>>> print(open('final_10.pdb').read())   # PDB, N, CA and C atoms
MODEL        1
ATOM      1  N   PRO G   3     -21.238 -18.592  50.471
ATOM      2  CA  PRO G   3     -21.662 -19.499  51.551
ATOM      3  C   PRO G   3     -21.407 -20.961  51.178
ATOM      4  N   PRO G   4     -21.262 -21.819  52.164
ATOM      5  CA  PRO G   4     -21.061 -23.250  51.889
ATOM      6  C   PRO G   4     -22.248 -23.828  51.110
ATOM      7  N   PRO G   5     -22.006 -24.875  50.324
ATOM      8  CA  PRO G   5     -23.095 -25.417  49.491
ATOM      9  C   PRO G   5     -24.299 -25.886  50.304
ATOM     10  N   HIS G   6     -24.091 -26.410  51.514
ATOM     11  CA  HIS G   6     -25.247 -26.890  52.275
ATOM     12  C   HIS G   6     -26.157 -25.738  52.704
ATOM     13  N   HIS G   7     -25.627 -24.549  52.903
ATOM     14  CA  HIS G   7     -26.478 -23.400  53.219
ATOM     15  C   HIS G   7     -27.339 -23.024  52.012
ATOM     16  N   LEU G   8     -26.736 -23.020  50.828
ATOM     17  CA  LEU G   8     -27.490 -22.706  49.611
ATOM     18  C   LEU G   8     -28.597 -23.725  49.371
ATOM     19  N   PHE G   9     -28.270 -25.012  49.537
ATOM     20  CA  PHE G   9     -29.267 -26.047  49.291
ATOM     21  C   PHE G   9     -30.351 -26.063  50.357
ATOM     22  N   ALA G  10     -30.041 -25.698  51.572
ATOM     23  CA  ALA G  10     -31.082 -25.606  52.601
ATOM     24  C   ALA G  10     -32.133 -24.584  52.169
ATOM     25  N   GLU G  11     -31.694 -23.453  51.647
ATOM     26  CA  GLU G  11     -32.627 -22.424  51.162
ATOM     27  C   GLU G  11     -33.398 -22.899  49.940
ATOM     28  N   ARG G  12     -32.721 -23.591  49.034
ATOM     29  CA  ARG G  12     -33.385 -24.094  47.823
ATOM     30  C   ARG G  12     -34.443 -25.133  48.173
ATOM     31  N   LEU G  13     -34.093 -26.057  49.045
ATOM     32  CA  LEU G  13     -35.050 -27.086  49.454
ATOM     33  C   LEU G  13     -36.227 -26.466  50.198
ATOM     34  N   LEU G  14     -35.954 -25.491  51.039
ATOM     35  CA  LEU G  14     -37.033 -24.798  51.739
ATOM     36  C   LEU G  14     -37.979 -24.135  50.743
ATOM     37  N   ALA G  15     -37.438 -23.506  49.711
ATOM     38  CA  ALA G  15     -38.281 -22.852  48.712
ATOM     39  C   ALA G  15     -39.237 -23.840  48.045
ATOM     40  N   VAL G  16     -38.762 -25.038  47.750
ATOM     41  CA  VAL G  16     -39.604 -26.058  47.111
ATOM     42  C   VAL G  16     -40.590 -26.655  48.109
ATOM     43  N   LEU G  17     -40.125 -26.986  49.297
ATOM     44  CA  LEU G  17     -40.983 -27.676  50.268
ATOM     45  C   LEU G  17     -41.949 -26.744  51.002
ATOM     46  N   SER G  18     -41.814 -25.439  50.782
ATOM     47  CA  SER G  18     -42.780 -24.495  51.343
ATOM     48  C   SER G  18     -43.770 -24.029  50.278
ATOM     49  N   GLY G  19     -43.567 -24.468  49.041
ATOM     50  CA  GLY G  19     -44.466 -24.089  47.962
ATOM     51  C   GLY G  19     -44.079 -22.791  47.269
ATOM     52  N   GLU G  20     -42.967 -22.196  47.651
ATOM     53  CA  GLU G  20     -42.521 -20.941  47.040
ATOM     54  C   GLU G  20     -42.015 -21.163  45.610
ATOM     55  N   ARG G  21     -41.415 -22.328  45.358
ATOM     56  CA  ARG G  21     -40.903 -22.682  44.035
ATOM     57  C   ARG G  21     -41.465 -24.041  43.639
ATOM     58  N   PRO G  22     -41.652 -24.291  42.335
ATOM     59  CA  PRO G  22     -42.132 -25.608  41.901
ATOM     60  C   PRO G  22     -41.013 -26.656  41.988
ATOM     61  N   VAL G  23     -41.391 -27.901  42.096
ATOM     62  CA  VAL G  23     -40.421 -28.989  42.201
ATOM     63  C   VAL G  23     -39.471 -29.008  41.012
ATOM     64  N   HIS G  24     -39.971 -28.769  39.808
ATOM     65  CA  HIS G  24     -39.109 -28.860  38.624
ATOM     66  C   HIS G  24     -37.966 -27.840  38.659
ATOM     67  N   TRP G  25     -38.034 -26.841  39.520
ATOM     68  CA  TRP G  25     -36.945 -25.878  39.703
ATOM     69  C   TRP G  25     -35.671 -26.592  40.157
ATOM     70  N   MET G  26     -35.808 -27.753  40.798
ATOM     71  CA  MET G  26     -34.667 -28.513  41.319
ATOM     72  C   MET G  26     -34.166 -29.581  40.349
ATOM     73  N   LEU G  27     -34.720 -29.676  39.151
ATOM     74  CA  LEU G  27     -34.342 -30.739  38.210
ATOM     75  C   LEU G  27     -32.837 -30.846  37.985
ATOM     76  N   GLY G  28     -32.158 -29.799  37.661
ATOM     77  CA  GLY G  28     -30.725 -29.868  37.403
ATOM     78  C   GLY G  28     -29.874 -29.821  38.656
ATOM     79  N   GLN G  29     -30.534 -29.734  39.818
ATOM     80  CA  GLN G  29     -29.822 -29.607  41.081
ATOM     81  C   GLN G  29     -29.955 -30.853  41.956
ATOM     82  N   THR G  30     -30.446 -31.938  41.353
ATOM     83  CA  THR G  30     -30.623 -33.192  42.092
ATOM     84  C   THR G  30     -30.020 -34.350  41.310
ATOM     85  N   VAL G  31     -29.712 -35.419  42.018
ATOM     86  CA  VAL G  31     -29.264 -36.671  41.408
ATOM     87  C   VAL G  31     -29.927 -37.814  42.158
ATOM     88  N   GLY G  32     -29.967 -38.971  41.525
ATOM     89  CA  GLY G  32     -30.492 -40.158  42.188
ATOM     90  C   GLY G  32     -31.934 -39.996  42.625
ATOM     91  N   GLU G  33     -32.213 -40.424  43.842
ATOM     92  CA  GLU G  33     -33.571 -40.436  44.387
ATOM     93  C   GLU G  33     -34.090 -39.077  44.830
ATOM     94  N   ALA G  34     -33.227 -38.083  44.939
ATOM     95  CA  ALA G  34     -33.627 -36.798  45.526
ATOM     96  C   ALA G  34     -34.812 -36.156  44.816
ATOM     97  N   TYR G  35     -34.810 -36.157  43.493
ATOM     98  CA  TYR G  35     -35.915 -35.522  42.781
ATOM     99  C   TYR G  35     -37.232 -36.238  43.069
ATOM    100  N   GLU G  36     -37.212 -37.567  43.057
ATOM    101  CA  GLU G  36     -38.434 -38.328  43.361
ATOM    102  C   GLU G  36     -38.888 -38.090  44.798
ATOM    103  N   GLN G  37     -37.942 -37.944  45.712
ATOM    104  CA  GLN G  37     -38.301 -37.630  47.098
ATOM    105  C   GLN G  37     -39.005 -36.275  47.160
ATOM    106  N   LEU G  38     -38.499 -35.299  46.428
ATOM    107  CA  LEU G  38     -39.128 -33.980  46.402
ATOM    108  C   LEU G  38     -40.512 -34.045  45.756
ATOM    109  N   VAL G  39     -40.652 -34.840  44.697
ATOM    110  CA  VAL G  39     -41.952 -34.991  44.035
ATOM    111  C   VAL G  39     -42.983 -35.547  45.023
ATOM    112  N   ARG G  40     -42.573 -36.466  45.881
ATOM    113  CA  ARG G  40     -43.489 -37.041  46.880
ATOM    114  C   ARG G  40     -43.783 -36.059  48.018
ATOM    115  N   LEU G  41     -42.775 -35.321  48.463
ATOM    116  CA  LEU G  41     -42.931 -34.435  49.617
ATOM    117  C   LEU G  41     -43.605 -33.100  49.292
ATOM    118  N   ALA G  42     -43.249 -32.496  48.175
ATOM    119  CA  ALA G  42     -43.636 -31.117  47.880
ATOM    120  C   ALA G  42     -45.144 -30.842  47.804
ATOM    121  N   PRO G  43     -45.973 -31.734  47.252
ATOM    122  CA  PRO G  43     -47.403 -31.393  47.144
ATOM    123  C   PRO G  43     -48.056 -31.046  48.487
ATOM    124  N   GLY G  44     -47.583 -31.610  49.564
ATOM    125  CA  GLY G  44     -48.142 -31.308  50.881
ATOM    126  C   GLY G  44     -47.568 -30.051  51.501
ATOM    127  N   THR G  45     -46.670 -29.374  50.782
ATOM    128  CA  THR G  45     -45.955 -28.186  51.279
ATOM    129  C   THR G  45     -45.658 -28.306  52.777
ATOM    130  N   PRO G  46     -44.870 -29.326  53.149
ATOM    131  CA  PRO G  46     -44.634 -29.608  54.565
ATOM    132  C   PRO G  46     -43.902 -28.500  55.319
ATOM    133  N   LEU G  47     -43.223 -27.606  54.619
ATOM    134  CA  LEU G  47     -42.510 -26.537  55.317
ATOM    135  C   LEU G  47     -43.192 -25.183  55.153
ATOM    136  N   ARG G  48     -44.420 -25.180  54.696
ATOM    137  CA  ARG G  48     -45.163 -23.917  54.554
ATOM    138  C   ARG G  48     -45.503 -23.381  55.942
ATOM    139  N   GLY G  49     -45.306 -22.095  56.117
ATOM    140  CA  GLY G  49     -45.655 -21.445  57.387
ATOM    141  C   GLY G  49     -47.131 -21.116  57.432
ATOM    142  N   ARG G  50     -47.647 -20.995  58.597
ATOM    143  CA  ARG G  50     -49.043 -20.616  58.778
ATOM    144  C   ARG G  50     -49.082 -19.112  59.042
ATOM    145  N   GLY G  51     -49.077 -18.342  57.940
ATOM    146  CA  GLY G  51     -49.093 -16.891  58.062
ATOM    147  C   GLY G  51     -47.708 -16.285  58.233
ATOM    148  N   THR G  52     -46.707 -17.111  58.406
ATOM    149  CA  THR G  52     -45.335 -16.641  58.580
ATOM    150  C   THR G  52     -44.454 -17.318  57.545
ATOM    151  N   ARG G  53     -43.600 -16.542  56.892
ATOM    152  CA  ARG G  53     -42.681 -17.137  55.916
ATOM    153  C   ARG G  53     -41.650 -17.973  56.663
ATOM    154  N   PRO G  54     -41.495 -19.242  56.283
ATOM    155  CA  PRO G  54     -40.513 -20.086  56.966
ATOM    156  C   PRO G  54     -39.087 -19.635  56.664
ATOM    157  N   THR G  55     -38.203 -19.845  57.611
ATOM    158  CA  THR G  55     -36.798 -19.478  57.448
ATOM    159  C   THR G  55     -35.903 -20.601  57.959
ATOM    160  N   VAL G  56     -34.719 -20.676  57.403
ATOM    161  CA  VAL G  56     -33.728 -21.621  57.905
ATOM    162  C   VAL G  56     -33.158 -21.009  59.180
ATOM    163  N   ARG G  57     -33.392 -21.678  60.280
ATOM    164  CA  ARG G  57     -32.940 -21.176  61.571
ATOM    165  C   ARG G  57     -31.479 -21.562  61.812
ATOM    166  N   ARG G  58     -31.157 -22.791  61.478
ATOM    167  CA  ARG G  58     -29.814 -23.302  61.719
ATOM    168  C   ARG G  58     -29.485 -24.299  60.620
ATOM    169  N   CYS G  59     -28.229 -24.321  60.203
ATOM    170  CA  CYS G  59     -27.814 -25.237  59.146
ATOM    171  C   CYS G  59     -26.380 -25.665  59.415
ATOM    172  N   GLY G  60     -26.120 -26.941  59.236
ATOM    173  CA  GLY G  60     -24.772 -27.454  59.429
ATOM    174  C   GLY G  60     -24.518 -28.607  58.485
ATOM    175  N   GLY G  61     -23.265 -28.950  58.351
ATOM    176  CA  GLY G  61     -22.918 -30.046  57.469
ATOM    177  C   GLY G  61     -21.612 -30.681  57.873
ATOM    178  N   HIS G  62     -21.436 -31.901  57.431
ATOM    179  CA  HIS G  62     -20.219 -32.655  57.708
ATOM    180  C   HIS G  62     -19.721 -33.240  56.391
ATOM    181  N   LYS G  63     -18.493 -32.899  56.017
ATOM    182  CA  LYS G  63     -17.919 -33.421  54.774
ATOM    183  C   LYS G  63     -17.476 -34.861  54.969
ATOM    184  N   LEU G  64     -17.859 -35.695  54.028
ATOM    185  CA  LEU G  64     -17.428 -37.088  53.996
ATOM    186  C   LEU G  64     -16.546 -37.224  52.765
ATOM    187  N   GLY G  65     -15.290 -36.914  52.914
ATOM    188  CA  GLY G  65     -14.389 -36.888  51.762
ATOM    189  C   GLY G  65     -14.530 -35.564  51.037
ATOM    190  N   ASP G  66     -14.038 -35.527  49.802
ATOM    191  CA  ASP G  66     -14.057 -34.285  49.036
ATOM    192  C   ASP G  66     -15.343 -34.058  48.255
ATOM    193  N   SER G  67     -16.166 -35.103  48.119
ATOM    194  CA  SER G  67     -17.302 -34.955  47.210
ATOM    195  C   SER G  67     -18.674 -35.263  47.822
ATOM    196  N   VAL G  68     -18.758 -35.369  49.140
ATOM    197  CA  VAL G  68     -20.049 -35.642  49.781
ATOM    198  C   VAL G  68     -20.175 -34.793  51.049
ATOM    199  N   VAL G  69     -21.355 -34.197  51.219
ATOM    200  CA  VAL G  69     -21.673 -33.465  52.444
ATOM    201  C   VAL G  69     -23.001 -33.992  52.966
ATOM    202  N   GLU G  70     -23.006 -34.419  54.217
ATOM    203  CA  GLU G  70     -24.243 -34.775  54.911
ATOM    204  C   GLU G  70     -24.631 -33.523  55.693
ATOM    205  N   ALA G  71     -25.837 -33.015  55.477
ATOM    206  CA  ALA G  71     -26.219 -31.736  56.063
ATOM    207  C   ALA G  71     -27.572 -31.816  56.761
ATOM    208  N   TYR G  72     -27.824 -30.803  57.588
ATOM    209  CA  TYR G  72     -29.100 -30.689  58.288
ATOM    210  C   TYR G  72     -29.476 -29.220  58.367
ATOM    211  N   ALA G  73     -30.746 -28.978  58.554
ATOM    212  CA  ALA G  73     -31.236 -27.621  58.785
ATOM    213  C   ALA G  73     -32.468 -27.700  59.664
ATOM    214  N   SER G  74     -32.638 -26.709  60.519
ATOM    215  CA  SER G  74     -33.904 -26.565  61.232
ATOM    216  C   SER G  74     -34.616 -25.383  60.586
ATOM    217  N   VAL G  75     -35.890 -25.585  60.308
ATOM    218  CA  VAL G  75     -36.698 -24.598  59.605
ATOM    219  C   VAL G  75     -37.807 -24.145  60.543
ATOM    220  N   ALA G  76     -37.915 -22.836  60.732
ATOM    221  CA  ALA G  76     -38.920 -22.290  61.633
ATOM    222  C   ALA G  76     -39.929 -21.451  60.868
ATOM    223  N   ALA G  77     -41.186 -21.600  61.266
ATOM    224  CA  ALA G  77     -42.280 -20.771  60.760
ATOM    225  C   ALA G  77     -43.166 -20.481  61.963
ATOM    226  N   GLY G  78     -42.982 -19.324  62.552
ATOM    227  CA  GLY G  78     -43.707 -19.024  63.784
ATOM    228  C   GLY G  78     -43.233 -19.958  64.886
ATOM    229  N   GLU G  79     -44.160 -20.634  65.521
ATOM    230  CA  GLU G  79     -43.838 -21.570  66.604
ATOM    231  C   GLU G  79     -43.464 -22.957  66.098
ATOM    232  N   GLN G  80     -43.722 -23.216  64.836
ATOM    233  CA  GLN G  80     -43.454 -24.535  64.256
ATOM    234  C   GLN G  80     -41.991 -24.639  63.831
ATOM    235  N   VAL G  81     -41.344 -25.750  64.221
ATOM    236  CA  VAL G  81     -39.962 -26.017  63.820
ATOM    237  C   VAL G  81     -39.901 -27.417  63.225
ATOM    238  N   ARG G  82     -39.272 -27.521  62.059
ATOM    239  CA  ARG G  82     -39.110 -28.817  61.398
ATOM    240  C   ARG G  82     -37.641 -29.063  61.147
ATOM    241  N   ALA G  83     -37.260 -30.313  61.144
ATOM    242  CA  ALA G  83     -35.886 -30.708  60.836
ATOM    243  C   ALA G  83     -35.828 -31.240  59.410
ATOM    244  N   MET G  84     -34.742 -30.912  58.738
ATOM    245  CA  MET G  84     -34.536 -31.387  57.373
ATOM    246  C   MET G  84     -33.107 -31.915  57.287
ATOM    247  N   ALA G  85     -32.945 -33.095  56.728
ATOM    248  CA  ALA G  85     -31.610 -33.664  56.502
ATOM    249  C   ALA G  85     -31.468 -33.881  55.002
ATOM    250  N   PHE G  86     -30.265 -33.659  54.493
ATOM    251  CA  PHE G  86     -30.046 -33.847  53.065
ATOM    252  C   PHE G  86     -28.585 -34.177  52.794
ATOM    253  N   ARG G  87     -28.377 -34.772  51.641
ATOM    254  CA  ARG G  87     -27.043 -35.194  51.229
ATOM    255  C   ARG G  87     -26.699 -34.490  49.923
ATOM    256  N   LEU G  88     -25.497 -33.943  49.853
ATOM    257  CA  LEU G  88     -25.022 -33.294  48.638
ATOM    258  C   LEU G  88     -23.857 -34.076  48.079
ATOM    259  N   GLU G  89     -23.804 -34.163  46.758
ATOM    260  CA  GLU G  89     -22.700 -34.846  46.087
ATOM    261  C   GLU G  89     -22.128 -33.919  45.029
ATOM    262  N   LEU G  90     -20.810 -33.884  44.945
ATOM    263  CA  LEU G  90     -20.112 -33.060  43.972
ATOM    264  C   LEU G  90     -19.932 -33.859  42.688
ATOM    265  N   GLY G  91     -20.462 -33.325  41.593
ATOM    266  CA  GLY G  91     -20.374 -34.015  40.308
ATOM    267  C   GLY G  91     -19.027 -33.811  39.640
ATOM    268  N   THR G  92     -18.797 -34.544  38.577
ATOM    269  CA  THR G  92     -17.546 -34.407  37.836
ATOM    270  C   THR G  92     -17.415 -33.022  37.205
ATOM    271  N   ASP G  93     -18.553 -32.308  37.075
ATOM    272  CA  ASP G  93     -18.541 -30.937  36.554
ATOM    273  C   ASP G  93     -18.280 -29.908  37.658
ATOM    274  N   ARG G  94     -17.976 -30.399  38.875
ATOM    275  CA  ARG G  94     -17.662 -29.568  40.047
ATOM    276  C   ARG G  94     -18.868 -28.793  40.566
ATOM    277  N   ARG G  95     -20.083 -29.272  40.242
ATOM    278  CA  ARG G  95     -21.310 -28.663  40.767
ATOM    279  C   ARG G  95     -21.907 -29.579  41.825
ATOM    280  N   TRP G  96     -22.376 -28.972  42.911
ATOM    281  CA  TRP G  96     -23.036 -29.725  43.970
ATOM    282  C   TRP G  96     -24.481 -29.998  43.570
ATOM    283  N   ARG G  97     -24.947 -31.209  43.909
ATOM    284  CA  ARG G  97     -26.337 -31.582  43.667
ATOM    285  C   ARG G  97     -26.864 -32.328  44.887
ATOM    286  N   CYS G  98     -28.146 -32.183  45.111
ATOM    287  CA  CYS G  98     -28.801 -32.872  46.229
ATOM    288  C   CYS G  98     -29.061 -34.324  45.819
ATOM    289  N   ALA G  99     -28.639 -35.263  46.671
ATOM    290  CA  ALA G  99     -28.815 -36.686  46.371
ATOM    291  C   ALA G  99     -29.886 -37.345  47.242
ATOM    292  N   ALA G 100     -30.279 -36.691  48.337
ATOM    293  CA  ALA G 100     -31.322 -37.241  49.219
ATOM    294  C   ALA G 100     -31.838 -36.135  50.121
ATOM    295  N   VAL G 101     -33.105 -36.249  50.497
ATOM    296  CA  VAL G 101     -33.700 -35.295  51.427
ATOM    297  C   VAL G 101     -34.728 -36.006  52.297
ATOM    298  N   GLU G 102     -34.738 -35.669  53.585
ATOM    299  CA  GLU G 102     -35.698 -36.235  54.529
ATOM    300  C   GLU G 102     -36.157 -35.127  55.458
ATOM    301  N   LEU G 103     -37.408 -35.250  55.915
ATOM    302  CA  LEU G 103     -37.938 -34.297  56.874
ATOM    303  C   LEU G 103     -38.225 -34.979  58.191
ATOM    304  N   GLY G 104     -38.011 -34.245  59.275
ATOM    305  CA  GLY G 104     -38.317 -34.752  60.613
ATOM    306  C   GLY G 104     -39.751 -34.428  60.991
ATOM    307  N   THR G 105     -40.077 -34.655  62.233
ATOM    308  CA  THR G 105     -41.443 -34.441  62.725
ATOM    309  C   THR G 105     -41.689 -32.970  63.068
ATOM    310  N   THR G 106     -42.942 -32.635  63.241
ATOM    311  CA  THR G 106     -43.340 -31.270  63.568
ATOM    312  C   THR G 106     -43.251 -31.041  65.070
ATOM    313  N   HIS G 107     -42.733 -29.865  65.426
ATOM    314  CA  HIS G 107     -42.682 -29.452  66.836
ATOM    315  C   HIS G 107     -43.218 -28.037  66.923
ATOM    316  N   GLY G 108     -43.884 -27.735  68.035
ATOM    317  CA  GLY G 108     -44.319 -26.356  68.222
ATOM    318  C   GLY G 108     -45.788 -26.219  68.388
TER     319      GLY G 108
ENDMDL
END
>>> encode(input="final_10.pdb", output="structure tokens")
Amino acid sequence: PPPHHLFAERLLAVLSGERPVHWMLGQTVGEAYEQLVRLAPGTPLRGRGTRPTVRRCGGHKLGDSVVEAYASVAAGEQVRAMAFRLELGTDRRWRCAAVELGTTHG
């Protein structure tokens, strides 16, 4: 699968409380890890009795080494938007460079 699909699942795991933030240490660069440290304690993507899932995910390549991506995450009637940026390192591994969450709907 494309890297943005993999990272949407990884970010969901952290922001729903399924995985600890430090699980993303080697998979982030720049501000992304600090953003996750601030967001994760509130488990903003945790479902209320329903396991959250990535409903839709897309991305747009900006050159060969950057992908701007989005995902909609659903847990029951609740839907949240997530935007994130991936950067390809010199080691040819993708890492998350930024993450933002949208407002709650549902």
>>> axis_aligned_box(input="final_10.pdb", around="segment 57-69 of chain G", padding_each_side="6 Å", output="lines of an AutoDock Vina configuration file")
center_x = -23.7
center_y = -29.2
center_z = 54.5
size_x = 31.4
size_y = 28.0
size_z = 26.6
>>> resolve_selection(input="final_10.pdb", expression="the PyMOL selection byres ((chain G and resi 17-21) around 8)", output="count of residues only")
22
>>> closest_residue(input="final_10.pdb", among="G:Leu8, G:Gln29, G:Val101, G:Val56", to="Gly78 of chain G", atoms="only C-alpha atoms")
G:Val56
>>> resolve_selection(input="final_10.pdb", expression="the PyMOL selection byres ((chain G and resi 55) around 7)", output="PyMOL selection string")
chain G and resi 52-54+56-58+74-78
>>> residues_around(input="final_10.pdb", residues="Thr30 of chain G", least_positions_apart="2", cutoff="5 Å", atoms="all atoms listed in the file", output="ChimeraX atom specification")
/G:26-28,32,97-98
>>> resolve_selection(input="final_10.pdb", expression="the PyMOL selection byres (((chain G and resi 88-90 and name CA) around 10) and name CA)", output="PyMOL selection string")
chain G and resi 5-6+9+29-31+34+61+63-64+66-71+86-87+91-101
>>> write_last_selection(input="final_10.pdb", atoms="N, CA and C atoms", output="CSV table (one decimal), in the frame of the given file")
chain,number,residue,atom,x,y,z
G,5,PRO,N,-22.0,-24.9,50.3
G,5,PRO,CA,-23.1,-25.4,49.5
G,5,PRO,C,-24.3,-25.9,50.3
G,6,HIS,N,-24.1,-26.4,51.5
G,6,HIS,CA,-25.2,-26.9,52.3
G,6,HIS,C,-26.2,-25.7,52.7
G,9,PHE,N,-28.3,-25.0,49.5
G,9,PHE,CA,-29.3,-26.0,49.3
G,9,PHE,C,-30.4,-26.1,50.4
G,29,GLN,N,-30.5,-29.7,39.8
G,29,GLN,CA,-29.8,-29.6,41.1
G,29,GLN,C,-30.0,-30.9,42.0
G,30,THR,N,-30.4,-31.9,41.4
G,30,THR,CA,-30.6,-33.2,42.1
G,30,THR,C,-30.0,-34.4,41.3
G,31,VAL,N,-29.7,-35.4,42.0
G,31,VAL,CA,-29.3,-36.7,41.4
G,31,VAL,C,-29.9,-37.8,42.2
G,34,ALA,N,-33.2,-38.1,44.9
G,34,ALA,CA,-33.6,-36.8,45.5
G,34,ALA,C,-34.8,-36.2,44.8
G,61,GLY,N,-23.3,-29.0,58.4
G,61,GLY,CA,-22.9,-30.0,57.5
G,61,GLY,C,-21.6,-30.7,57.9
G,63,LYS,N,-18.5,-32.9,56.0
G,63,LYS,CA,-17.9,-33.4,54.8
G,63,LYS,C,-17.5,-34.9,55.0
G,64,LEU,N,-17.9,-35.7,54.0
G,64,LEU,CA,-17.4,-37.1,54.0
G,64,LEU,C,-16.5,-37.2,52.8
G,66,ASP,N,-14.0,-35.5,49.8
G,66,ASP,CA,-14.1,-34.3,49.0
G,66,ASP,C,-15.3,-34.1,48.3
G,67,SER,N,-16.2,-35.1,48.1
G,67,SER,CA,-17.3,-35.0,47.2
G,67,SER,C,-18.7,-35.3,47.8
G,68,VAL,N,-18.8,-35.4,49.1
G,68,VAL,CA,-20.0,-35.6,49.8
G,68,VAL,C,-20.2,-34.8,51.0
G,69,VAL,N,-21.4,-34.2,51.2
G,69,VAL,CA,-21.7,-33.5,52.4
G,69,VAL,C,-23.0,-34.0,53.0
G,70,GLU,N,-23.0,-34.4,54.2
G,70,GLU,CA,-24.2,-34.8,54.9
G,70,GLU,C,-24.6,-33.5,55.7
G,71,ALA,N,-25.8,-33.0,55.5
G,71,ALA,CA,-26.2,-31.7,56.1
G,71,ALA,C,-27.6,-31.8,56.8
G,86,PHE,N,-30.3,-33.7,54.5
G,86,PHE,CA,-30.0,-33.8,53.1
G,86,PHE,C,-28.6,-34.2,52.8
G,87,ARG,N,-28.4,-34.8,51.6
G,87,ARG,CA,-27.0,-35.2,51.2
G,87,ARG,C,-26.7,-34.5,49.9
G,91,GLY,N,-20.5,-33.3,41.6
G,91,GLY,CA,-20.4,-34.0,40.3
G,91,GLY,C,-19.0,-33.8,39.6
G,92,THR,N,-18.8,-34.5,38.6
G,92,THR,CA,-17.5,-34.4,37.8
G,92,THR,C,-17.4,-33.0,37.2
G,93,ASP,N,-18.6,-32.3,37.1
G,93,ASP,CA,-18.5,-30.9,36.6
G,93,ASP,C,-18.3,-29.9,37.7
G,94,ARG,N,-18.0,-30.4,38.9
G,94,ARG,CA,-17.7,-29.6,40.0
G,94,ARG,C,-18.9,-28.8,40.6
G,95,ARG,N,-20.1,-29.3,40.2
G,95,ARG,CA,-21.3,-28.7,40.8
G,95,ARG,C,-21.9,-29.6,41.8
G,96,TRP,N,-22.4,-29.0,42.9
G,96,TRP,CA,-23.0,-29.7,44.0
G,96,TRP,C,-24.5,-30.0,43.6
G,97,ARG,N,-24.9,-31.2,43.9
G,97,ARG,CA,-26.3,-31.6,43.7
G,97,ARG,C,-26.9,-32.3,44.9
G,98,CYS,N,-28.1,-32.2,45.1
G,98,CYS,CA,-28.8,-32.9,46.2
G,98,CYS,C,-29.1,-34.3,45.8
G,99,ALA,N,-28.6,-35.3,46.7
G,99,ALA,CA,-28.8,-36.7,46.4
G,99,ALA,C,-29.9,-37.3,47.2
G,100,ALA,N,-30.3,-36.7,48.3
G,100,ALA,CA,-31.3,-37.2,49.2
G,100,ALA,C,-31.8,-36.1,50.1
G,101,VAL,N,-33.1,-36.2,50.5
G,101,VAL,CA,-33.7,-35.3,51.4
G,101,VAL,C,-34.7,-36.0,52.3
>>> select_by_dssp(input="final_10.pdb", residues="segment 19-99 of chain G", states="helix (DSSP H, G or I)", output="list of chain:residue names")
G:Val23, G:His24, G:Trp25, G:Met26, G:Leu27, G:Gly28, G:Gln29, G:Ala34, G:Tyr35, G:Glu36, G:Gln37, G:Leu38, G:Val39, G:Arg40, G:Leu41, G:Ala42, G:Pro43, G:Gly44
>>> atom_distance(input="final_10.pdb", atom1="atom N of Gln37 of chain G", atom2="atom CA of Arg82 of chain G")
18.2 Å
>>> residues_near_point(input="final_10.pdb", point="(-31.6, -34.6, 59.1)", cutoff="7 Å", atoms="all atoms listed in the file", output="count of residues only")
10
>>> select_by_dssp(input="final_10.pdb", residues="chain G", states="strand (DSSP E)", output="number ranges by chain")
G: 55-63, 68-77, 80-90, 96-103
